[in-house]
file entry.pdb (PDB, C-alpha atoms)
ATOM      1  CA  MET N   1       7.616 -23.117  -1.458
ATOM      2  CA  THR N   2       6.694 -22.993  -5.158
ATOM      3  CA  ASN N   3       3.879 -25.534  -4.735
ATOM      4  CA  ASN N   4       2.490 -23.646  -1.750
ATOM      5  CA  LEU N   5       2.764 -20.365  -3.650
ATOM      6  CA  ASP N   6       1.015 -21.860  -6.689
ATOM      7  CA  THR N   7      -1.888 -23.004  -4.495
ATOM      8  CA  LEU N   8      -2.130 -19.616  -2.776
ATOM      9  CA  LEU N   9      -2.055 -17.686  -6.061
ATOM     10  CA  THR N  10      -4.683 -19.966  -7.618
ATOM     11  CA  ALA N  11      -7.020 -19.394  -4.664
ATOM     12  CA  LEU N  12      -6.284 -15.649  -4.687
ATOM     13  CA  TYR N  13      -6.945 -15.414  -8.436
ATOM     14  CA  VAL N  14     -10.322 -17.133  -8.155
ATOM     15  CA  HIS N  15     -11.350 -15.021  -5.156
ATOM     16  CA  LEU N  16     -10.331 -11.756  -6.842
ATOM     17  CA  ASP N  17     -11.852 -12.585 -10.209
ATOM     18  CA  ASP N  18     -15.138 -14.010  -8.880
ATOM     19  CA  HIS N  19     -15.798 -11.789  -5.876
ATOM     20  CA  VAL N  20     -13.485  -8.850  -5.141
ATOM     21  CA  LEU N  21     -13.109  -7.150  -8.544
ATOM     22  CA  PRO N  22     -16.807  -7.516  -9.479
ATOM     23  CA  ALA N  23     -17.747  -6.075  -6.053
ATOM     24  CA  LEU N  24     -15.510  -3.087  -6.820
ATOM     25  CA  GLY N  25     -17.152  -2.665 -10.214
ATOM     26  CA  TRP N  26     -13.758  -3.136 -11.842
ATOM     27  CA  SER N  27     -13.783  -4.287 -15.452
ATOM     28  CA  ARG N  28     -11.666  -3.599 -18.529
ATOM     29  CA  GLU N  29     -14.366  -4.668 -20.963
ATOM     30  CA  HIS N  30     -15.816  -1.195 -21.400
ATOM     31  CA  ARG N  31     -12.648   0.846 -20.885
ATOM     32  CA  PRO N  32     -10.888   2.460 -23.856
ATOM     33  CA  GLY N  33      -7.590   1.197 -25.199
ATOM     34  CA  ARG N  34      -6.171  -2.133 -26.185
ATOM     35  CA  LYS N  35      -6.733  -4.946 -23.727
ATOM     36  CA  PRO N  36      -3.403  -5.734 -21.987
ATOM     37  CA  ALA N  37      -1.886  -9.206 -22.250
ATOM     38  CA  LEU N  38      -1.722  -9.397 -18.449
ATOM     39  CA  SER N  39      -5.141  -8.998 -16.820
ATOM     40  CA  ASP N  40      -5.759  -6.825 -13.761
ATOM     41  CA  THR N  41      -6.428  -9.953 -11.700
ATOM     42  CA  GLU N  42      -3.112 -11.475 -12.776
ATOM     43  CA  LEU N  43      -1.339  -8.201 -11.986
ATOM     44  CA  ALA N  44      -2.793  -8.153  -8.451
ATOM     45  CA  CYS N  45      -1.736 -11.777  -7.900
ATOM     46  CA  LEU N  46       1.804 -11.057  -9.097
ATOM     47  CA  ALA N  47       2.042  -8.027  -6.823
ATOM     48  CA  ALA N  48       0.901 -10.139  -3.857
ATOM     49  CA  ALA N  49       3.448 -12.857  -4.676
ATOM     50  CA  GLN N  50       6.258 -10.323  -5.023
ATOM     51  CA  HIS N  51       5.426  -8.917  -1.597
ATOM     52  CA  LEU N  52       5.156 -12.344   0.036
ATOM     53  CA  LEU N  53       8.567 -13.368  -1.302
ATOM     54  CA  GLY N  54      10.150 -10.048  -0.307
ATOM     55  CA  ILE N  55      11.690  -9.282  -3.713
ATOM     56  CA  ALA N  56      11.899  -5.484  -3.876
ATOM     57  CA  SER N  57      13.626  -5.197  -7.248
ATOM     58  CA  GLU N  58      11.181  -5.371 -10.157
ATOM     59  CA  ARG N  59      13.950  -6.636 -12.434
ATOM     60  CA  ARG N  60      14.779  -9.528 -10.086
ATOM     61  CA  TRP N  61      11.093 -10.248  -9.576
ATOM     62  CA  ILE N  62      10.339 -10.572 -13.285
ATOM     63  CA  ARG N  63      13.386 -12.824 -13.666
ATOM     64  CA  TYR N  64      12.158 -14.983 -10.757
ATOM     65  CA  ALA N  65       8.579 -15.082 -12.059
ATOM     66  CA  ARG N  66       9.651 -16.134 -15.551
ATOM     67  CA  LYS N  67      11.660 -18.973 -14.075
ATOM     68  CA  ASN N  68       9.173 -20.181 -11.435
ATOM     69  CA  LEU N  69       5.687 -18.892 -12.344
ATOM     70  CA  ALA N  70       5.642 -18.976 -16.147
ATOM     71  CA  GLN N  71       3.134 -21.862 -16.122
ATOM     72  CA  MET N  72       0.649 -19.649 -14.250
ATOM     73  CA  PHE N  73       1.452 -16.336 -15.937
ATOM     74  CA  PRO N  74       2.549 -17.133 -19.529
ATOM     75  CA  ARG N  75       2.143 -13.508 -20.711
ATOM     76  CA  LEU N  76       4.535 -11.846 -18.283
ATOM     77  CA  PRO N  77       5.679  -8.379 -19.457
ATOM     78  CA  GLY N  78       9.215  -7.070 -19.176
ATOM     79  CA  GLN N  79      10.429  -5.193 -16.131
ATOM     80  CA  SER N  80       9.544  -1.785 -17.592
ATOM     81  CA  GLY N  81       6.046  -2.859 -18.643
ATOM     82  CA  TYR N  82       5.376  -4.504 -15.288
ATOM     83  CA  GLY N  83       6.494  -1.410 -13.408
ATOM     84  CA  LYS N  84       4.280   0.882 -15.473
ATOM     85  CA  ARG N  85       1.239  -1.370 -15.001
ATOM     86  CA  LEU N  86       1.893  -1.630 -11.268
ATOM     87  CA  ARG N  87       2.138   2.129 -10.762
ATOM     88  CA  ALA N  88      -0.900   2.813 -12.933
ATOM     89  CA  ALA N  89      -2.954   0.296 -10.903
ATOM     90  CA  GLY N  90      -2.334   1.945  -7.519
ATOM     91  CA  GLY N  91      -6.025   2.613  -6.945
ATOM     92  CA  LEU N  92      -6.993  -0.937  -7.852
ATOM     93  CA  LEU N  93      -4.339  -2.508  -5.624
ATOM     94  CA  ALA N  94      -5.329  -0.306  -2.670
ATOM     95  CA  ALA N  95      -8.986  -1.302  -3.110
ATOM     96  CA  VAL N  96      -8.064  -4.990  -3.391
ATOM     97  CA  ILE N  97      -5.979  -4.817  -0.198
ATOM     98  CA  THR N  98      -8.892  -3.208   1.650
ATOM     99  CA  GLU N  99     -11.400  -5.792   0.433
ATOM    100  CA  LEU N 100      -9.112  -8.678   1.400
ATOM    101  CA  ALA N 101      -8.540  -7.094   4.806
ATOM    102  CA  ARG N 102     -12.297  -7.028   5.451
ATOM    103  CA  ASP N 103     -12.258 -10.844   5.373
ATOM    104  CA  THR N 104      -9.925 -11.088   8.389
ATOM    105  CA  ALA N 105     -11.153 -11.432  11.971
ATOM    106  CA  SER N 106      -9.075  -8.495  13.274
ATOM    107  CA  TRP N 107     -10.859  -6.098  10.903
ATOM    108  CA  HIS N 108     -13.828  -6.153  13.272
ATOM    109  CA  ASP N 109     -11.802  -5.394  16.432
ATOM    110  CA  LEU N 110     -12.435  -2.111  18.252
ATOM    111  CA  LEU N 111      -8.761  -1.207  18.673
ATOM    112  CA  ARG N 112      -6.773   0.610  15.994
ATOM    113  CA  LEU N 113      -3.126   1.709  16.244
ATOM    114  CA  VAL N 114      -1.663   4.845  14.627
ATOM    115  CA  ASP N 115       2.010   5.576  14.078
ATOM    116  CA  SER N 116       4.427   7.123  11.600
ATOM    117  CA  THR N 117       7.974   6.342  10.525
ATOM    118  CA  PRO N 118      10.594   8.162   8.437
ATOM    119  CA  LEU N 119      10.926   7.049   4.831
ATOM    120  CA  PRO N 120      14.272   8.474   3.595
ATOM    121  CA  CYS N 121      14.495   8.856  -0.183
ATOM    122  CA  ALA N 122      17.916  10.442  -0.651
ATOM    123  CA  ALA N 123      21.337  10.460   0.968
ATOM    124  CA  SER N 124      23.167  12.966  -1.258
ATOM    125  CA  ARG N 125      22.680  16.579  -2.255
ATOM    126  CA  GLU N 126      22.590  15.620  -5.937
ATOM    127  CA  THR N 127      19.675  13.243  -5.374
ATOM    128  CA  VAL N 128      17.734  15.838  -3.369
ATOM    129  CA  LYS N 129      17.980  18.243  -6.300
ATOM    130  CA  ARG N 130      16.303  15.819  -8.697
ATOM    131  CA  PRO N 131      12.845  17.039  -9.735
ATOM    132  CA  ASP N 132      10.887  13.764  -9.459
ATOM    133  CA  LEU N 133       9.919  14.299  -5.812
ATOM    134  CA  ALA N 134      10.199  18.093  -5.704
ATOM    135  CA  GLY N 135       7.314  19.652  -3.823
ATOM    136  CA  HIS N 136       6.361  16.341  -2.231
ATOM    137  CA  ALA N 137       9.333  15.081  -0.219
ATOM    138  CA  GLY N 138      11.358  17.277   2.127
ATOM    139  CA  TYR N 139      13.550  17.462   5.193
ATOM    140  CA  GLY N 140      12.346  16.128   8.528
ATOM    141  CA  TYR N 141      13.715  15.042  11.883
ATOM    142  CA  CYS N 142      13.734  11.474  13.181
ATOM    143  CA  ALA N 143      13.684  11.664  16.988
ATOM    144  CA  SER N 144      14.317   7.942  17.500
ATOM    145  CA  HIS N 145      17.605   8.168  15.560
ATOM    146  CA  SER N 146      18.361  11.812  16.472
ATOM    147  CA  ARG N 147      19.031  12.818  12.869
ATOM    148  CA  PHE N 148      17.545  14.693   9.950
ATOM    149  CA  PHE N 149      16.479  12.954   6.746
ATOM    150  CA  TRP N 150      15.106  13.860   3.324
ATOM    151  CA  GLY N 151      12.045  12.027   2.107
ATOM    152  CA  PHE N 152       8.561  11.331   3.478
ATOM    153  CA  ARG N 153       6.890  10.099   6.610
ATOM    154  CA  LEU N 154       4.827   6.934   6.232
ATOM    155  CA  TYR N 155       1.623   6.975   8.295
ATOM    156  CA  LEU N 156      -0.212   3.786   9.211
ATOM    157  CA  ILE N 157      -3.497   3.136  10.968
ATOM    158  CA  THR N 158      -3.574  -0.602  11.618
ATOM    159  CA  THR N 159      -5.327  -3.353  13.507
ATOM    160  CA  ALA N 160      -3.764  -4.516  16.775
ATOM    161  CA  GLU N 161      -1.851  -7.229  14.909
ATOM    162  CA  GLY N 162      -0.392  -4.690  12.471
ATOM    163  CA  MET N 163      -2.586  -5.132   9.393
ATOM    164  CA  PRO N 164      -2.819  -1.750   7.581
ATOM    165  CA  VAL N 165      -6.287  -0.214   7.413
ATOM    166  CA  ILE N 166      -5.407   3.341   6.293
ATOM    167  CA  TRP N 167      -2.007   4.537   5.122
ATOM    168  CA  GLY N 168      -0.386   7.468   3.377
ATOM    169  CA  LEU N 169       2.817   9.393   2.687
ATOM    170  CA  ALA N 170       3.300  12.989   3.804
ATOM    171  CA  HIS N 171       5.939  15.708   3.813
ATOM    172  CA  PRO N 172       7.883  15.242   7.079
ATOM    173  CA  GLY N 173       7.453  18.912   7.927
ATOM    174  CA  ILE N 174       3.670  18.515   8.370
ATOM    175  CA  GLY N 175       2.469  17.758  11.916
ATOM    176  CA  GLU N 176       1.465  14.211  12.795
ATOM    177  CA  ARG N 177      -1.979  15.213  14.050
ATOM    178  CA  GLU N 178      -2.680  17.209  10.885
ATOM    179  CA  VAL N 179      -1.745  14.309   8.617
ATOM    180  CA  THR N 180      -3.715  11.792  10.656
ATOM    181  CA  GLN N 181      -6.806  14.000  10.572
ATOM    182  CA  ALA N 182      -6.529  14.154   6.775
ATOM    183  CA  LEU N 183      -6.139  10.366   6.539
ATOM    184  CA  LEU N 184      -9.135   9.762   8.792
ATOM    185  CA  GLY N 185     -11.168  12.278   6.804
ATOM    186  CA  ARG N 186     -10.323  10.545   3.534
ATOM    187  CA  GLY N 187     -10.780   7.041   4.956
ATOM    188  CA  HIS N 188     -13.724   7.738   7.264
ATOM    189  CA  HIS N 189     -15.621   4.790   5.788
ATOM    190  CA  LEU N 190     -12.897   2.468   7.129
ATOM    191  CA  ILE N 191     -13.383   3.543  10.755
ATOM    192  CA  ARG N 192     -16.461   2.551  12.743
ATOM    193  CA  ALA N 193     -18.116   4.478  15.547
ATOM    194  CA  GLY N 194     -16.861   3.342  18.945
ATOM    195  CA  GLN N 195     -13.417   2.247  17.773
ATOM    196  CA  VAL N 196     -10.418   3.261  19.875
ATOM    197  CA  ILE N 197      -7.396   4.758  18.076
ATOM    198  CA  LEU N 198      -4.207   4.402  20.117
ATOM    199  CA  GLY N 199      -1.016   6.346  19.364
ATOM    200  CA  ASP N 200       2.026   7.818  21.125
ATOM    201  CA  LYS N 201       2.247  11.315  22.614
ATOM    202  CA  GLY N 202       3.051  12.855  19.218
ATOM    203  CA  PHE N 203      -0.609  12.397  18.316
ATOM    204  CA  ALA N 204      -1.941  13.782  21.610
ATOM    205  CA  GLY N 205      -3.724  17.125  21.642
ATOM    206  CA  ARG N 206      -7.056  18.635  22.648
ATOM    207  CA  ASP N 207      -8.015  19.640  19.102
ATOM    208  CA  PHE N 208      -7.137  16.179  17.780
ATOM    209  CA  GLU N 209      -9.100  14.430  20.540
ATOM    210  CA  THR N 210     -12.070  16.647  19.728
ATOM    211  CA  PHE N 211     -11.782  15.682  16.067
ATOM    212  CA  ILE N 212     -11.818  11.961  16.907
ATOM    213  CA  PRO N 213     -15.460  10.973  17.633
TER     214      PRO N 213
END

call {"tool": "encode", "arguments": {"input": "entry.pdb", "output": "C-alpha coordinates"}}
result
Amino acid sequence: MTNNLDTLLTALYVHLDDHVLPALGWSREHRPGRKPALSDTELACLAAAQHLLGIASERRWIRYARKNLAQMFPRLPGQSGYGKRLRAAGGLLAAVITELARDTASWHDLLRLVDSTPLPCAASRETVKRPDLAGHAGYGYCASHSRFFWGFRLYLITTAEGMPVIWGLAHPGIGEREVTQALLGRGHHLIRAGQVILGDKGFAGRDFETFIP
(Lines of atoms letter the chains of each structure in order from A and count residues from 1; the text may use other names and numbers.)
(Lines give C-alpha, C1' and ligand atoms only; values in the text may rest on other atoms or scores of the structure.)
Protein backbone atom coordinates (compact mmCIF):
# COMPACT_ATOMS: atom_id res chain seq x y z
CA MET A 1 0.00 0.00 0.00
CA THR A 2 2.84 2.42 0.83
CA ASN A 3 4.53 1.88 -2.55
CA ASN A 4 1.25 2.41 -4.39
CA LEU A 5 0.53 5.51 -2.30
CA ASP A 6 4.02 6.89 -2.97
CA THR A 7 3.49 6.49 -6.73
CA LEU A 8 0.05 8.11 -6.57
CA LEU A 9 1.28 11.06 -4.50
CA THR A 10 4.27 11.61 -6.80
CA ALA A 11 1.99 11.72 -9.85
CA LEU A 12 -0.50 13.96 -8.01
CA TYR A 13 2.26 16.35 -6.91
CA VAL A 14 3.61 16.75 -10.44
CA HIS A 15 0.13 17.24 -11.90
CA LEU A 16 -0.84 19.83 -9.28
CA ASP A 17 2.44 21.73 -9.41
CA ASP A 18 2.79 21.76 -13.21
CA HIS A 19 -0.81 22.14 -14.33
CA VAL A 20 -3.57 22.62 -11.74
CA LEU A 21 -2.14 25.32 -9.43
CA PRO A 22 -0.71 27.44 -12.29
CA ALA A 23 -4.09 27.20 -14.07
CA LEU A 24 -5.73 28.52 -10.89
CA GLY A 25 -3.22 31.36 -10.71
CA TRP A 26 -2.15 30.10 -7.30
CA SER A 27 1.32 31.12 -6.16
CA ARG A 28 2.92 32.06 -2.84
CA GLU A 29 5.80 33.92 -4.44
CA HIS A 30 4.09 37.30 -4.37
CA ARG A 31 1.97 36.84 -1.25
CA PRO A 32 2.94 38.54 2.02
CA GLY A 33 4.32 36.64 4.97
CA ARG A 34 7.01 34.09 5.53
CA LYS A 35 7.04 31.19 3.11
CA PRO A 36 5.79 28.06 4.94
CA ALA A 37 8.02 24.99 5.22
CA LEU A 38 5.25 22.87 3.69
CA SER A 39 4.22 24.09 0.23
CA ASP A 40 0.60 24.38 -0.89
CA THR A 41 1.15 21.52 -3.34
CA GLU A 42 2.49 19.29 -0.56
CA LEU A 43 -0.45 20.26 1.66
CA ALA A 44 -2.95 19.27 -1.06
CA CYS A 45 -1.18 15.93 -1.56
CA LEU A 46 -1.21 15.21 2.18
CA ALA A 47 -4.90 16.06 2.39
CA ALA A 48 -5.63 13.69 -0.51
CA ALA A 49 -3.61 10.90 1.12
CA GLN A 50 -5.35 11.39 4.46
CA HIS A 51 -8.73 11.08 2.76
CA LEU A 52 -7.72 8.01 0.74
CA LEU A 53 -6.51 6.22 3.87
CA GLY A 54 -9.61 7.21 5.85
CA ILE A 55 -7.74 8.66 8.84
CA ALA A 56 -10.08 11.28 10.31
CA SER A 57 -7.95 12.28 13.29
CA GLU A 58 -5.32 14.88 12.40
CA ARG A 59 -3.16 13.71 15.30
CA ARG A 60 -3.18 10.10 14.08
CA TRP A 61 -2.61 11.24 10.51
CA ILE A 62 0.50 13.26 11.34
CA ARG A 63 1.82 10.32 13.36
CA TYR A 64 1.18 7.99 10.40
CA ALA A 65 2.70 10.41 7.88
CA ARG A 66 5.87 10.88 9.93
CA LYS A 67 6.31 7.13 10.10
CA ASN A 68 5.43 6.25 6.49
CA LEU A 69 5.75 9.39 4.33
CA ALA A 70 8.68 11.26 5.88
CA GLN A 71 10.86 10.53 2.82
CA MET A 72 8.35 12.41 0.63
CA PHE A 73 7.39 15.15 3.09
CA PRO A 74 10.46 15.83 5.28
CA ARG A 75 9.08 19.16 6.60
CA LEU A 76 5.86 17.86 8.13
CA PRO A 77 4.37 20.28 10.71
CA GLY A 78 2.84 19.23 14.01
CA GLN A 79 -0.83 18.38 14.35
CA SER A 80 -1.80 21.94 15.31
CA GLY A 81 0.15 23.52 12.45
CA TYR A 82 -1.23 21.04 9.93
CA GLY A 83 -4.79 21.67 11.07
CA LYS A 84 -4.40 25.44 10.81
CA ARG A 85 -2.91 25.20 7.31
CA LEU A 86 -5.64 22.81 6.20
CA ARG A 87 -8.47 25.05 7.40
CA ALA A 88 -6.87 28.17 5.96
CA ALA A 89 -6.51 26.46 2.56
CA GLY A 90 -10.20 25.59 2.18
CA GLY A 91 -10.57 27.67 -0.98
CA LEU A 92 -7.48 26.15 -2.55
CA LEU A 93 -8.50 22.58 -1.75
CA ALA A 94 -12.01 23.13 -3.14
CA ALA A 95 -10.55 24.54 -6.37
CA VAL A 96 -8.09 21.64 -6.65
CA ILE A 97 -10.89 19.09 -6.18
CA THR A 98 -12.93 20.78 -8.92
CA GLU A 99 -10.01 20.88 -11.35
CA LEU A 100 -9.20 17.21 -10.75
CA ALA A 101 -12.86 16.31 -11.20
CA ARG A 102 -12.89 17.97 -14.63
CA ASP A 103 -10.38 15.33 -15.79
CA THR A 104 -12.81 12.45 -15.17
CA ALA A 105 -15.13 11.05 -17.84
CA SER A 106 -18.27 11.37 -15.69
CA TRP A 107 -17.79 15.14 -15.43
CA HIS A 108 -19.14 15.44 -18.96
CA ASP A 109 -22.29 13.34 -18.34
CA LEU A 110 -25.68 15.04 -18.60
CA LEU A 111 -27.07 13.57 -15.37
CA ARG A 112 -26.49 15.15 -11.97
CA LEU A 113 -27.87 13.92 -8.64
CA VAL A 114 -28.86 16.16 -5.71
CA ASP A 115 -29.41 15.05 -2.13
CA SER A 116 -28.86 16.13 1.47
CA THR A 117 -28.02 14.30 4.68
CA PRO A 118 -27.97 15.27 8.36
CA LEU A 119 -24.57 16.13 9.82
CA PRO A 120 -25.00 16.02 13.63
CA CYS A 121 -22.43 18.07 15.54
CA ALA A 122 -23.55 17.65 19.15
CA ALA A 123 -25.25 15.09 21.37
CA SER A 124 -25.42 17.01 24.66
CA ARG A 125 -26.93 20.27 25.83
CA GLU A 126 -23.52 21.50 27.01
CA THR A 127 -22.03 21.06 23.54
CA VAL A 128 -24.95 22.86 21.88
CA LYS A 129 -24.32 25.87 24.10
CA ARG A 130 -20.73 26.25 22.92
CA PRO A 131 -20.26 29.40 20.82
CA ASP A 132 -18.10 27.99 17.99
CA LEU A 133 -21.07 27.03 15.80
CA ALA A 134 -23.63 29.47 17.21
CA GLY A 135 -25.66 31.10 14.46
CA HIS A 136 -24.61 28.49 11.92
CA ALA A 137 -25.71 25.07 13.18
CA GLY A 138 -29.17 24.38 14.61
CA TYR A 139 -31.89 21.85 15.23
CA GLY A 140 -33.39 19.86 12.37
CA TYR A 141 -35.40 16.72 11.75
CA CYS A 142 -34.09 13.58 10.08
CA ALA A 143 -37.08 11.83 8.48
CA SER A 144 -35.16 8.66 7.61
CA HIS A 145 -34.28 8.09 11.29
CA SER A 146 -37.41 9.78 12.71
CA ARG A 147 -35.43 11.95 15.13
CA PHE A 148 -34.23 15.48 15.71
CA PHE A 149 -30.56 16.42 15.60
CA TRP A 150 -28.37 19.48 16.18
CA GLY A 151 -25.87 20.39 13.51
CA PHE A 152 -25.99 21.01 9.76
CA ARG A 153 -27.34 19.44 6.62
CA LEU A 154 -24.74 18.49 4.02
CA TYR A 155 -25.89 19.13 0.44
CA LEU A 156 -24.29 17.39 -2.52
CA ILE A 157 -24.76 17.75 -6.26
CA THR A 158 -22.84 14.86 -7.80
CA THR A 159 -22.26 12.90 -10.96
CA ALA A 160 -24.18 9.65 -11.40
CA GLU A 161 -21.29 7.71 -9.86
CA GLY A 162 -21.28 9.95 -6.77
CA MET A 163 -18.38 12.32 -7.47
CA PRO A 164 -19.15 15.70 -5.81
CA VAL A 165 -19.55 18.64 -8.19
CA ILE A 166 -21.11 21.22 -5.83
CA TRP A 167 -21.45 20.89 -2.07
CA GLY A 168 -22.23 22.97 0.98
CA LEU A 169 -23.38 23.01 4.61
CA ALA A 170 -26.60 24.70 5.70
CA HIS A 171 -28.70 25.23 8.80
CA PRO A 172 -31.13 22.27 8.91
CA GLY A 173 -34.07 24.62 9.37
CA ILE A 174 -33.64 26.07 5.85
CA GLY A 175 -35.67 24.38 3.08
CA GLU A 176 -33.92 21.99 0.72
CA ARG A 177 -35.05 23.82 -2.40
CA GLU A 178 -33.85 27.16 -1.02
CA VAL A 179 -30.40 25.80 -0.19
CA THR A 180 -30.06 24.04 -3.53
CA GLN A 181 -31.00 27.21 -5.41
CA ALA A 182 -28.27 29.08 -3.52
CA LEU A 183 -25.71 26.36 -4.30
CA LEU A 184 -26.62 26.35 -7.99
CA GLY A 185 -26.46 30.14 -8.06
CA ARG A 186 -23.00 30.14 -6.51
CA GLY A 187 -21.76 27.23 -8.63
CA HIS A 188 -23.55 28.07 -11.88
CA HIS A 189 -20.29 27.73 -13.80
CA LEU A 190 -20.17 24.04 -12.81
CA ILE A 191 -23.53 23.22 -14.41
CA ARG A 192 -23.99 23.12 -18.18
CA ALA A 193 -27.12 23.90 -20.15
CA GLY A 194 -29.12 20.76 -20.89
CA GLN A 195 -27.99 18.82 -17.83
CA VAL A 196 -30.63 16.93 -15.85
CA ILE A 197 -30.64 17.32 -12.05
CA LEU A 198 -32.38 14.41 -10.33
CA GLY A 199 -33.49 14.49 -6.68
CA ASP A 200 -36.17 13.07 -4.38
CA LYS A 201 -39.57 14.64 -3.70
CA GLY A 202 -38.10 17.01 -1.09
CA PHE A 203 -36.64 19.02 -3.95
CA ALA A 204 -39.84 19.02 -6.03
CA GLY A 205 -41.77 22.24 -6.48
CA ARG A 206 -43.05 24.50 -9.25
CA ASP A 207 -40.90 27.47 -8.24
CA PHE A 208 -37.79 25.28 -8.04
CA GLU A 209 -38.49 23.69 -11.44
CA THR A 210 -38.90 27.16 -12.90
CA PHE A 211 -35.56 28.18 -11.41
CA ILE A 212 -33.80 25.19 -12.99
CA PRO A 213 -33.22 26.01 -16.70

call {"tool": "resolve_selection", "arguments": {"input": "entry.pdb", "expression": "the PyMOL selection byres ((chain N and resi 161) around 12)", "output": "ChimeraX atom specification"}}
result
/N:104-107,109,111-113,157-160,162-165

call {"tool": "closest_residue", "arguments": {"input": "entry.pdb", "among": "N:Ile62, N:Leu110, N:Ala94, N:Val14", "to": "N:Gly168", "atoms": "all atoms listed in the file"}}
result
N:Ala94

call {"tool": "atom_distance", "arguments": {"input": "entry.pdb", "atom1": "atom CA of N:Gln195", "atom2": "atom CA of N:Ala101"}}
result
16.7 Å

call {"tool": "resolve_selection", "arguments": {"input": "entry.pdb", "expression": "the PyMOL selection byres ((chain N and resi 114) around 9)", "output": "list in words"}}
result
Arg112, Leu113, Asp115, Ser116, Tyr155, Leu156, Ile157, Thr158, Thr180, Ile197, Leu198, Gly199, Asp200 and Phe203 of chain N

call {"tool": "resolve_selection", "arguments": {"input": "entry.pdb", "expression": "the PyMOL selection byres ((chain N and resi 18-24) around 8)", "output": "list in words"}}
result
Val14, His15, Leu16, Asp17, Gly25, Trp26, Ser27, Thr41, Ala95, Val96, Glu99 and Leu100 of chain N

call {"tool": "atom_distance", "arguments": {"input": "entry.pdb", "atom1": "atom CA of N:Ala49", "atom2": "atom CA of N:Ala11"}}
result
12.3 Å

call {"tool": "atom_distance", "arguments": {"input": "entry.pdb", "atom1": "atom CA of N:Leu154", "atom2": "atom CA of N:Leu12"}}
result
27.4 Å

call {"tool": "closest_residue", "arguments": {"input": "entry.pdb", "among": "N:Ala123, N:Ile166, N:Glu42, N:Pro118", "to": "N:Ser144", "atoms": "only C-alpha atoms"}}
result
N:Pro118

call {"tool": "residues_near_point", "arguments": {"input": "entry.pdb", "point": "(13.4, 15.2, 1.4)", "cutoff": "7 Å", "atoms": "all atoms listed in the file", "output": "VMD selection string"}}
result
chain N and resid 121 to 122 128 137 to 139 149 to 152

call {"tool": "write_last_selection", "arguments": {"input": "entry.pdb", "atoms": "C-alpha atoms", "output": "PDB file, keeping the file's coordinate frame"}}
result
ATOM      1  CA  CYS N 121      14.495   8.856  -0.183  1.00  0.00           C
ATOM      2  CA  ALA N 122      17.916  10.442  -0.651  1.00  0.00           C
ATOM      3  CA  VAL N 128      17.734  15.838  -3.369  1.00  0.00           C
ATOM      4  CA  ALA N 137       9.333  15.081  -0.219  1.00  0.00           C
ATOM      5  CA  GLY N 138      11.358  17.277   2.127  1.00  0.00           C
ATOM      6  CA  TYR N 139      13.550  17.462   5.193  1.00  0.00           C
ATOM      7  CA  PHE N 149      16.479  12.954   6.746  1.00  0.00           C
ATOM      8  CA  TRP N 150      15.106  13.860   3.324  1.00  0.00           C
ATOM      9  CA  GLY N 151      12.045  12.027   2.107  1.00  0.00           C
ATOM     10  CA  PHE N 152       8.561  11.331   3.478  1.00  0.00           C
TER      11      PHE N 152
END
